[in-house]
Amino acid sequence: MKKQWLCAAGILLSSQALADNPIVTEVFTADPAALVHDDTVYLYTGHDEAPNNDVFFEMHDWLAFSSKDMVSWTAHGPIMKATDFKWAKGDAWASHMIEKDGKFYFFTTVRHNEEKPGFAIGVAVSDSPTGPFKDAIGHALVTNDMTTQTPNDWDDIDPAIFTEDNGDTYMFFGNLVPKYVKLTDSLTELDGEIKVIDVPNFTEAAWVHKKGENYYLSYACEFPEKICYAMSKSIHGPWEYKGILNEVAGNSETNHQSIIDYKGKDYFIYHTGALPPKGDQPSGGRFRRSVAVDPLIYNDDGTLKRVVMSTE
Ligand code: FUB
């Protein structure tokens, strides 16, 4: 499918082929996290397996896909399951992959066992972007008992990693209260205090990227979730709220984005509940989500145009 990048006046800026949305139809995929590495886009997703849309998430493992043109996607299968973290009980929620010095670090959300009830963030490592991944430290990087700012046992979810040009790496995360913390050079320990970020209407799903001199913090806001964003001139803020980037994505109450620049084009990757029924596979919905990709467009002043979802 050809998708077009239009400016505010509706003038065609350029067009580029993209896969039909949702991009994966054989399984349900959620919580996209994309990594551009060696001219390839690696897309990591959660894997919705709820038998219907009436109960809750059922998510056991994470999947990987890759593409060199954003049109054809190759499935690499599961890269890891939540219980590969021996201290975790399950719930393979949102993740983020980065590469450093030839190794791939997978930061991800799981539910901790009874020793530290609540959600936690673990880090796994591999020599390959498609795994296999193994727990890098044998315990949670962040757990419920470390972030007392928010007495909410979901508060340690949805890691988003950002590396500055000088190599300093930060993890953004949280539910209801957004937080960030510097990581050590090994990426396996916290290097300093966890700090709270001041942005309005934060629900979850932080993602940080930089374009030119501007830093962008996008996140799921309100509920059902839209994607809002804020801008800053520094990774440490202050963050200036800029508004809604993406409306509620169809029949999915959650919304979770990944933003990349690949071969000079900007992409907004998200999930919807829009997959129609196919054969034995029931339709999508709030616990059976599917990843979609649409163009992302910057205004001349660096602000972002509202995403036009082709799944709407
Ligand atoms: O997929 C489980 C949770 O739903 C994620 O961690 C959130 O971002 C939301 O998408």
# chains A, B, ... in the order shown; residues from 1 in each chain; ligands from 1
call {"tool": "residues_near_ligand", "arguments": {"ligand": "ligand 1", "cutoff": "7 Å", "atoms": "only C-alpha atoms and all ligand atoms", "output": "PyMOL selection string"}}
result
chain A and resi 30-31+46+57+93-94+109+157-158+204-205+254-256
call {"tool": "closest_residue", "arguments": {"among": "A:Asp300, A:Glu114, A:Glu26, A:Glu225", "to": "Gly212 in chain A", "atoms": "only C-alpha atoms"}}
result
A:Asp300
call {"tool": "closest_residue", "arguments": {"among": "A:Asn21, A:Asn113, A:Ser258, A:Thr272", "to": "Ala33 in chain A", "atoms": "only C-alpha atoms"}}
result
A:Ser258
call {"tool": "select_by_dssp", "arguments": {"residues": "range 12-91 of chain A", "states": "strand (DSSP E or B)", "output": "VMD selection string"}}
result
chain A and resid 12 to 17 28 to 37 40 to 48 59 to 67 74 to 81 88 to 90
call {"tool": "residues_around", "arguments": {"residues": "His139 in chain A", "least_positions_apart": "6", "cutoff": "8 Å", "atoms": "only C-alpha atoms", "output": "PDB file with N, CA and C atoms, in the first residue's frame"}}
result
ATOM      1  N   PHE A  85      12.626 -15.042  33.086  1.00  0.00           N
ATOM      2  CA  PHE A  85      13.130 -14.336  34.272  1.00  0.00           C
ATOM      3  C   PHE A  85      12.661 -15.182  35.457  1.00  0.00           C
ATOM      4  N   TRP A  87      12.591 -14.906  38.491  1.00  0.00           N
ATOM      5  CA  TRP A  87      11.928 -14.195  39.585  1.00  0.00           C
ATOM      6  C   TRP A  87      10.547 -13.666  39.177  1.00  0.00           C
ATOM      7  N   GLY A 122      12.661  -6.029  33.955  1.00  0.00           N
ATOM      8  CA  GLY A 122      13.868  -6.845  33.880  1.00  0.00           C
ATOM      9  C   GLY A 122      14.678  -6.458  32.657  1.00  0.00           C
TER      10      GLY A 122
END
call {"tool": "closest_residue", "arguments": {"among": "A:Ala82, A:Val308, A:Ile297, A:Val208", "to": "Ala249 in chain A", "atoms": "only C-alpha atoms"}}
result
A:Val308
call {"tool": "closest_residue", "arguments": {"among": "A:Ile79, A:Val41, A:Ile137, A:Leu35", "to": "Ile98 in chain A", "atoms": "only C-alpha atoms"}}
result
A:Leu35
call {"tool": "residues_around", "arguments": {"residues": "Lys278 in chain A", "least_positions_apart": "6", "cutoff": "12 Å", "atoms": "only C-alpha atoms", "output": "ChimeraX atom specification"}}
result
/A:25-28,284
call {"tool": "write_last_selection", "arguments": {"atoms": "C-alpha atoms", "output": "tab-separated table (two decimals), in the first residue's frame"}}
result
chain	number	residue	atom	x	y	z
A	25	THR	CA	-2.43	-10.90	10.79
A	26	GLU	CA	-1.44	-14.45	11.84
A	27	VAL	CA	-1.14	-13.65	15.55
A	28	PHE	CA	-2.13	-10.77	17.80
A	284	GLY	CA	-9.32	-8.30	17.50
call {"tool": "residues_around", "arguments": {"residues": "Met171 in chain A", "least_positions_apart": "4", "cutoff": "7 Å", "atoms": "only C-alpha atoms", "output": "list of chain:residue names"}}
result
A:Pro159, A:Ala160, A:Ile161, A:Phe162, A:Tyr180, A:Val181, A:Lys182, A:Leu183
call {"tool": "write_last_selection", "arguments": {"atoms": "C-alpha atoms", "output": "mmCIF file, in the first residue's frame"}}
result
data_model
loop_
_atom_site.group_PDB
_atom_site.id
_atom_site.type_symbol
_atom_site.label_atom_id
_atom_site.label_comp_id
_atom_site.auth_asym_id
_atom_site.auth_seq_id
_atom_site.Cartn_x
_atom_site.Cartn_y
_atom_site.Cartn_z
ATOM 1 C CA PRO A 159 10.428 0.847 29.897
ATOM 2 C CA ALA A 160 11.608 3.239 27.179
ATOM 3 C CA ILE A 161 15.351 3.622 26.775
ATOM 4 C CA PHE A 162 17.099 6.644 25.338
ATOM 5 C CA TYR A 180 13.116 8.273 34.613
ATOM 6 C CA VAL A 181 16.486 7.123 35.835
ATOM 7 C CA LYS A 182 20.034 7.010 34.471
ATOM 8 C CA LEU A 183 21.520 3.576 33.848
#
call {"tool": "residues_around", "arguments": {"residues": "Ile235 in chain A", "least_positions_apart": "4", "cutoff": "12 Å", "atoms": "only C-alpha atoms", "output": "PyMOL selection string"}}
result
chain A and resi 161-165+168-172+180-182+197+208-210+213-217+230-231+239
